[in-house]
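As provided, structure-v2.pdb (PDB, C-alpha atoms and all ligand atoms) reads as follows.
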```
MODEL        1
ATOM      1  CA  MET A   1      37.222  -5.450  19.235
ATOM      2  CA  PRO A   2      34.271  -3.015  19.462
ATOM      3  CA  GLN A   3      34.638  -0.338  22.137
ATOM      4  CA  THR A   4      31.874   0.809  24.425
ATOM      5  CA  ALA A   5      31.296   4.541  24.859
ATOM      6  CA  PRO A   6      33.503   6.108  27.516
ATOM      7  CA  VAL A   7      31.880   6.766  30.885
ATOM      8  CA  VAL A   8      32.918   9.590  33.243
ATOM      9  CA  ARG A   9      32.170   9.106  36.945
ATOM     10  CA  PRO A  10      33.428  10.295  40.335
ATOM     11  CA  ALA A  11      36.614   8.512  41.387
ATOM     12  CA  LEU A  12      36.349   6.140  44.347
ATOM     13  CA  LEU A  13      38.896   4.753  46.790
ATOM     14  CA  ARG A  14      39.000   1.518  44.796
ATOM     15  CA  ASP A  15      40.332   3.552  41.844
ATOM     16  CA  LEU A  16      43.527   4.439  43.763
ATOM     17  CA  PRO A  17      45.765   1.883  41.944
ATOM     18  CA  ALA A  18      44.496   3.063  38.536
ATOM     19  CA  LEU A  19      45.029   6.709  39.507
ATOM     20  CA  LEU A  20      48.589   5.971  40.634
ATOM     21  CA  ALA A  21      49.287   4.143  37.368
ATOM     22  CA  LEU A  22      48.064   7.206  35.435
ATOM     23  CA  GLU A  23      50.244   9.478  37.600
ATOM     24  CA  ALA A  24      53.268   7.304  36.757
ATOM     25  CA  SER A  25      52.590   7.114  33.021
ATOM     26  CA  CYS A  26      51.500  10.739  32.472
ATOM     27  CA  PHE A  27      53.661  12.952  34.696
ATOM     28  CA  ASP A  28      57.361  13.546  35.324
ATOM     29  CA  ASP A  29      56.447  14.512  38.896
ATOM     30  CA  PRO A  30      53.850  11.884  39.916
ATOM     31  CA  TRP A  31      51.940  12.532  43.103
ATOM     32  CA  SER A  32      52.534  10.124  45.985
ATOM     33  CA  ALA A  33      50.010   7.472  46.995
ATOM     34  CA  ASP A  34      49.183   9.527  50.109
ATOM     35  CA  GLY A  35      48.670  12.640  48.002
ATOM     36  CA  VAL A  36      46.337  10.916  45.563
ATOM     37  CA  ARG A  37      44.487   9.124  48.365
ATOM     38  CA  ALA A  38      43.782  12.498  49.968
ATOM     39  CA  GLU A  39      42.171  13.590  46.679
ATOM     40  CA  LEU A  40      39.707  10.709  47.094
ATOM     41  CA  GLU A  41      38.898  11.310  50.738
ATOM     42  CA  GLN A  42      38.758  15.026  51.423
ATOM     43  CA  GLY A  43      35.477  16.892  51.232
ATOM     44  CA  HIS A  44      36.561  19.669  48.883
ATOM     45  CA  CYS A  45      37.959  17.241  46.289
ATOM     46  CA  ARG A  46      36.029  16.421  43.120
ATOM     47  CA  PRO A  47      38.029  13.623  41.435
ATOM     48  CA  LEU A  48      36.708  12.040  38.245
ATOM     49  CA  VAL A  49      37.741   9.066  36.165
ATOM     50  CA  VAL A  50      36.855   8.056  32.633
ATOM     51  CA  GLU A  51      36.347   4.364  31.942
ATOM     52  CA  ARG A  52      36.404   2.569  28.651
ATOM     53  CA  ASP A  53      35.354  -1.079  28.422
ATOM     54  CA  GLY A  54      35.333  -1.178  32.232
ATOM     55  CA  LEU A  55      38.906   0.079  32.618
ATOM     56  CA  VAL A  56      39.980   3.431  34.062
ATOM     57  CA  VAL A  57      41.853   5.180  31.248
ATOM     58  CA  GLY A  58      41.897   8.769  32.459
ATOM     59  CA  SER A  59      41.526  10.936  35.549
ATOM     60  CA  LEU A  60      40.928  14.511  36.632
ATOM     61  CA  LEU A  61      41.804  15.790  40.102
ATOM     62  CA  ALA A  62      40.174  19.035  41.165
ATOM     63  CA  TRP A  63      38.990  20.980  44.194
ATOM     64  CA  LEU A  64      35.831  22.971  44.637
ATOM     65  CA  LEU A  65      36.531  25.622  47.257
ATOM     66  CA  ALA A  66      34.527  28.791  47.911
ATOM     67  CA  GLY A  67      32.775  28.460  44.538
ATOM     68  CA  GLU A  68      36.032  28.098  42.664
ATOM     69  CA  LEU A  69      36.947  24.955  40.760
ATOM     70  CA  GLN A  70      40.713  24.383  40.788
ATOM     71  CA  ILE A  71      41.725  21.711  38.280
ATOM     72  CA  ASN A  72      45.007  20.201  39.461
ATOM     73  CA  ARG A  73      45.605  17.207  37.207
ATOM     74  CA  VAL A  74      44.167  15.762  34.006
ATOM     75  CA  ALA A  75      45.682  12.523  32.758
ATOM     76  CA  VAL A  76      44.799  10.203  29.883
ATOM     77  CA  ASP A  77      46.477   6.876  29.085
ATOM     78  CA  PRO A  78      49.193   7.747  26.544
ATOM     79  CA  ALA A  79      47.867   5.080  24.170
ATOM     80  CA  LEU A  80      44.406   6.654  24.096
ATOM     81  CA  ARG A  81      45.100  10.353  23.633
ATOM     82  CA  ASN A  82      43.521  12.653  21.033
ATOM     83  CA  GLN A  83      40.258  10.739  21.160
ATOM     84  CA  GLY A  84      38.416  13.308  23.254
ATOM     85  CA  LEU A  85      38.786  11.569  26.631
ATOM     86  CA  GLY A  86      40.557  14.513  28.266
ATOM     87  CA  GLY A  87      37.848  16.780  26.921
ATOM     88  CA  LEU A  88      35.128  14.581  28.401
ATOM     89  CA  LEU A  89      36.761  14.804  31.830
ATOM     90  CA  VAL A  90      37.114  18.594  31.692
ATOM     91  CA  ALA A  91      33.547  19.099  30.417
ATOM     92  CA  GLU A  92      32.091  16.888  33.142
ATOM     93  CA  SER A  93      34.137  18.609  35.848
ATOM     94  CA  LEU A  94      32.889  22.029  34.699
ATOM     95  CA  LEU A  95      29.260  20.847  34.538
ATOM     96  CA  ARG A  96      29.405  19.349  38.002
ATOM     97  CA  ALA A  97      30.994  22.474  39.474
ATOM     98  CA  GLN A  98      28.305  24.624  37.822
ATOM     99  CA  ALA A  99      25.603  22.351  39.260
ATOM    100  CA  GLU A 100      27.117  22.916  42.704
ATOM    101  CA  GLY A 101      27.010  26.688  42.254
ATOM    102  CA  GLY A 102      30.625  27.192  41.241
ATOM    103  CA  THR A 103      31.340  30.579  39.723
ATOM    104  CA  ARG A 104      34.865  30.259  38.324
ATOM    105  CA  ALA A 105      37.315  27.597  37.212
ATOM    106  CA  LEU A 106      41.056  28.028  37.177
ATOM    107  CA  LEU A 107      44.207  26.030  36.659
ATOM    108  CA  GLU A 108      47.916  26.275  36.048
ATOM    109  CA  VAL A 109      49.488  24.473  33.136
ATOM    110  CA  ARG A 110      53.070  24.258  31.917
ATOM    111  CA  ALA A 111      53.625  26.942  29.307
ATOM    112  CA  ASP A 112      55.165  24.281  27.017
ATOM    113  CA  ASN A 113      52.236  21.824  27.324
ATOM    114  CA  ALA A 114      50.547  22.577  23.988
ATOM    115  CA  PRO A 115      48.067  19.654  24.044
ATOM    116  CA  ALA A 116      46.778  20.613  27.490
ATOM    117  CA  ILE A 117      46.532  24.328  26.641
ATOM    118  CA  ALA A 118      44.606  23.424  23.443
ATOM    119  CA  LEU A 119      42.274  21.223  25.456
ATOM    120  CA  TYR A 120      41.548  23.904  28.047
ATOM    121  CA  GLN A 121      41.035  26.621  25.435
ATOM    122  CA  ARG A 122      38.539  24.415  23.620
ATOM    123  CA  HIS A 123      36.615  24.240  26.889
ATOM    124  CA  GLY A 124      36.412  27.989  27.329
ATOM    125  CA  PHE A 125      39.503  28.726  29.406
ATOM    126  CA  ALA A 126      41.417  31.883  28.591
ATOM    127  CA  LYS A 127      45.071  32.507  29.336
ATOM    128  CA  GLY A 128      45.657  34.762  32.330
ATOM    129  CA  GLY A 129      49.022  35.500  33.899
ATOM    130  CA  LEU A 130      52.327  33.716  33.583
ATOM    131  CA  ARG A 131      54.066  32.309  36.677
ATOM    132  CA  LYS A 132      57.789  32.096  36.063
ATOM    133  CA  ASN A 133      59.835  29.264  37.593
ATOM    134  CA  TYR A 134      56.643  27.568  38.736
ATOM    135  CA  TYR A 135      57.704  23.957  38.227
ATOM    136  CA  HIS A 136      60.612  22.042  39.779
ATOM    137  CA  ASP A 137      62.553  22.177  36.501
ATOM    138  CA  GLY A 138      62.152  25.944  36.211
ATOM    139  CA  ALA A 139      59.366  25.843  33.598
ATOM    140  CA  ALA A 140      56.765  28.602  33.671
ATOM    141  CA  ALA A 141      53.048  28.064  34.303
ATOM    142  CA  VAL A 142      50.232  29.706  32.416
ATOM    143  CA  VAL A 143      47.261  30.543  34.606
ATOM    144  CA  MET A 144      43.987  29.810  32.804
ATOM    145  CA  VAL A 145      40.535  30.892  33.942
ATOM    146  CA  ARG A 146      36.943  30.273  32.911
ATOM    147  CA  ASP A 147      33.718  31.821  34.102
ATOM    148  CA  LEU A 148      31.192  29.193  35.166
ATOM    149  CA  GLN A 149      28.158  31.470  35.144
ATOM    150  CA  GLY A 150      26.012  32.482  32.193
TER     151      GLY A 150
HETATM  152  C1  LIG A 201      46.463  16.787  28.297
HETATM  153  C2  LIG A 201      45.788  15.422  28.129
HETATM  154  C3  LIG A 201      45.012  15.080  29.416
HETATM  155  C4  LIG A 201      44.792  15.505  26.961
HETATM  156  O1  LIG A 201      44.086  14.281  26.899
HETATM  157  P1  LIG A 201      43.378  13.825  25.517
HETATM  158  O2  LIG A 201      42.475  12.690  25.827
HETATM  159  O3  LIG A 201      44.404  13.606  24.470
HETATM  160  O4  LIG A 201      42.523  15.149  25.187
HETATM  161  P2  LIG A 201      41.538  15.403  23.975
HETATM  162  O5  LIG A 201      41.637  14.281  22.989
HETATM  163  O6  LIG A 201      40.197  15.719  24.523
HETATM  164  O7  LIG A 201      42.124  16.771  23.377
HETATM  165  C5  LIG A 201      43.500  16.922  23.060
HETATM  166  C6  LIG A 201      43.713  18.222  22.309
HETATM  167  O8  LIG A 201      45.115  18.489  22.218
HETATM  168  C7  LIG A 201      45.438  18.762  20.872
HETATM  169  N1  LIG A 201      46.831  18.401  20.698
HETATM  170  C8  LIG A 201      47.393  17.179  20.760
HETATM  171  N2  LIG A 201      48.721  17.276  20.587
HETATM  172  C9  LIG A 201      48.996  18.591  20.405
HETATM  173  C10 LIG A 201      50.180  19.345  20.205
HETATM  174  N3  LIG A 201      51.380  18.740  20.161
HETATM  175  N4  LIG A 201      50.094  20.688  20.074
HETATM  176  C11 LIG A 201      48.896  21.307  20.151
HETATM  177  N5  LIG A 201      47.723  20.649  20.384
HETATM  178  C12 LIG A 201      47.787  19.319  20.493
HETATM  179  C13 LIG A 201      44.486  17.904  20.100
HETATM  180  O9  LIG A 201      44.378  18.362  18.764
HETATM  181  C14 LIG A 201      43.206  18.134  20.899
HETATM  182  O10 LIG A 201      42.601  19.391  20.632
HETATM  183  P3  LIG A 201      41.373  19.523  19.573
HETATM  184  O11 LIG A 201      40.308  18.585  20.034
HETATM  185  O12 LIG A 201      40.996  20.957  19.663
HETATM  186  O13 LIG A 201      41.944  19.104  18.260
HETATM  187  C15 LIG A 201      46.823  14.304  27.806
HETATM  188  O14 LIG A 201      47.616  14.748  26.723
HETATM  189  C16 LIG A 201      47.725  13.938  28.961
HETATM  190  O15 LIG A 201      47.385  13.071  29.780
HETATM  191  N6  LIG A 201      48.894  14.570  29.032
HETATM  192  C17 LIG A 201      49.883  14.301  30.107
HETATM  193  C18 LIG A 201      49.435  14.904  31.415
HETATM  194  C19 LIG A 201      49.218  16.408  31.283
HETATM  195  O16 LIG A 201      50.057  17.110  30.742
HETATM  196  N7  LIG A 201      48.051  16.881  31.802
HETATM  197  C20 LIG A 201      47.679  18.276  31.714
HETATM  198  C21 LIG A 201      48.287  19.120  32.762
HETATM  199  S1  LIG A 201      47.805  18.614  34.383
ENDMDL
END
```
Would you give me this structure, written as structure tokens?
Ligand SMILES: CC(C)(COP(=O)(O)OP(=O)(O)OC[C@H]1O[C@@H](n2cnc3c(N)ncnc32)[C@H](O)[C@@H]1OP(=O)(O)O)[C@@H](O)C(=O)NCCC(=O)NCCS
Amino acid sequence: MPQTAPVVRPALLRDLPALLALEASCFDDPWSADGVRAELEQGHCRPLVVERDGLVVGSLLAWLLAGELQINRVAVDPALRNQGLGGLLVAESLLRAQAEGGTRALLEVRADNAPAIALYQRHGFAKGGLRKNYYHDGAAAVVMVRDLQG
């Protein structure tokens, strides 16, 4: 069946079930319904979804605070990975933060999450420090940063 081009848009409250399904299928430590709902309701949150053929197939949860974009979660349906959908979400998040005057983007990612680190590097993030024992299972986090100006 032919596919329509993916569309990235801000996430809305009606996307909550789709966001929770992505949390469950993409993360070992899924956020709670209350936690994800807060990402849709609070003023500093900048959640995005990507739709394909009218279905939400990926999400990005981020905050824009004091000019700094903090990307907390990027998730793509496991069946649809390596098709550029995660990249579309990250690129759109960066563009929107720039348009709002953001100066810097940062995130933490598991040091063993090679696909995510590759994705962020492709979008201009550089590795910063290492945070040992950052995750519940003792895994380390790599801090990654990207200038949003210039
Ligand atoms: C990280 C994630 C969002 C990427 O989504 P995606 O739609 O597959 O992303 P893209 O297709 O845009 O890019 C994936 C990149 O990872 C690379 N990649 C895939 N598997 C890889 C691996 N095992 N090792 C290294 N790089 C890998 C791909 O080659 C691609 O990079 P390229 O375009 O430079 O070749 C997706 O894998 C995911 O949902 N993972 C689970 C949740 C997660 O870990 N999120 C990130 C931390 S919050």
Residues matched by the PyMOL selection byres (((not hetatm)) within 7 of (chain A and resi 201)), written as a list of chain:residue names: A:Cys26, A:Phe27, A:Asn72, A:Arg73, A:Val74, A:Ala75, A:Val76, A:Asp77, A:Pro78, A:Leu80, A:Arg81, A:Asn82, A:Gln83, A:Gly84, A:Leu85, A:Gly86, A:Gly87, A:Leu88, A:Val109, A:Asn113, A:Ala114, A:Pro115, A:Ala116, A:Ala118, A:Leu119, A:Arg122
Explicit residue set for the PyMOL selection byres (((chain A and resi 33) around 12) and not hetatm), as a list in words: Leu13, Asp15, Leu16, Pro17, Ala18, Leu19, Leu20, Ala21, Leu22, Glu23, Ala24, Pro30, Trp31, Ser32, Asp34, Gly35, Val36, Arg37, Ala38, Glu39 and Leu40 of chain A
Selection result of the PyMOL selection byres (((chain A and resi 55-70) around 6) and not hetatm) on this file, as JSON, numbers by chain: {"A": [44, 45, 46, 47, 48, 49, 50, 51, 52, 53, 54, 71, 72, 73, 74, 75, 76, 77, 102, 103, 104, 105, 106, 107]}
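CA of Ala99 in chain A sits 10.3 Å away from CA of Gln149 in chain A.
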Distance of CA of Leu148 in chain A from CA of Ala97 in chain A, expressed in Å to one decimal place: 8.0 Å
Distance in Å - CA of Ala141 in chain A versus CA of Glu92 in chain A: 23.8 Å
Need the axis-aligned box for range 127-130 of chain A with 3 Å each side, so what are the centre and edges in Å to one decimal, as lines of an AutoDock Vina configuration file?
```
center_x = 48.7
center_y = 34.0
center_z = 31.6
size_x = 13.3
size_y = 9.0
size_z = 10.6
```
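Between Leu130 in chain A and the candidates A:Ile117, A:Ala111, A:Asp147, A:Gln42, the tightest atom-to-atom separation, counting only C-alpha atoms, involves A:Ala111.
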Would you mind completing range 36-57 of chain A to N, CA and C atoms and writing the output as a short mmCIF file (atom, residue, chain, number, x, y, z; two decimals), in the frame of the given file?
```
data_model
loop_
_atom_site.label_atom_id
_atom_site.label_comp_id
_atom_site.auth_asym_id
_atom_site.auth_seq_id
_atom_site.Cartn_x
_atom_site.Cartn_y
_atom_site.Cartn_z
N VAL A 36 47.49 11.27 46.41
CA VAL A 36 46.34 10.92 45.56
C VAL A 36 45.19 10.40 46.44
N ARG A 37 45.53 9.62 47.46
CA ARG A 37 44.49 9.12 48.36
C ARG A 37 43.72 10.30 48.99
N ALA A 38 44.44 11.33 49.37
CA ALA A 38 43.78 12.50 49.97
C ALA A 38 42.77 13.11 49.00
N GLU A 39 43.08 13.04 47.69
CA GLU A 39 42.17 13.59 46.68
C GLU A 39 40.87 12.79 46.62
N LEU A 40 40.90 11.57 47.12
CA LEU A 40 39.71 10.71 47.09
C LEU A 40 38.91 10.80 48.39
N GLU A 41 39.51 11.37 49.41
CA GLU A 41 38.90 11.31 50.74
C GLU A 41 38.45 12.66 51.27
N GLN A 42 39.05 13.74 50.80
CA GLN A 42 38.76 15.03 51.42
C GLN A 42 37.53 15.69 50.79
N GLY A 43 36.79 16.39 51.62
CA GLY A 43 35.48 16.89 51.23
C GLY A 43 35.47 17.89 50.10
N HIS A 44 36.55 18.66 49.94
CA HIS A 44 36.56 19.67 48.88
C HIS A 44 37.03 19.11 47.54
N CYS A 45 37.41 17.83 47.52
CA CYS A 45 37.96 17.24 46.29
C CYS A 45 36.85 16.70 45.40
N ARG A 46 37.03 16.86 44.10
CA ARG A 46 36.03 16.42 43.12
C ARG A 46 36.71 15.58 42.04
N PRO A 47 37.29 14.42 42.42
CA PRO A 47 38.03 13.62 41.44
C PRO A 47 37.09 12.87 40.50
N LEU A 48 37.47 12.78 39.24
CA LEU A 48 36.71 12.04 38.24
C LEU A 48 37.63 11.03 37.56
N VAL A 49 37.01 9.96 37.07
CA VAL A 49 37.74 9.07 36.16
C VAL A 49 36.90 8.87 34.91
N VAL A 50 37.56 8.49 33.83
CA VAL A 50 36.85 8.06 32.63
C VAL A 50 37.22 6.59 32.42
N GLU A 51 36.17 5.80 32.18
CA GLU A 51 36.35 4.36 31.94
C GLU A 51 36.02 4.05 30.50
N ARG A 52 36.76 3.12 29.96
CA ARG A 52 36.40 2.57 28.65
C ARG A 52 36.49 1.05 28.77
N ASP A 53 35.43 0.39 28.33
CA ASP A 53 35.35 -1.08 28.42
C ASP A 53 35.68 -1.54 29.84
N GLY A 54 35.18 -0.78 30.84
CA GLY A 54 35.33 -1.18 32.23
C GLY A 54 36.69 -0.87 32.84
N LEU A 55 37.58 -0.25 32.09
CA LEU A 55 38.91 0.08 32.62
C LEU A 55 39.06 1.58 32.77
N VAL A 56 39.70 2.01 33.87
CA VAL A 56 39.98 3.43 34.06
C VAL A 56 41.11 3.82 33.12
N VAL A 57 40.84 4.78 32.23
CA VAL A 57 41.85 5.18 31.25
C VAL A 57 42.21 6.67 31.36
#
```
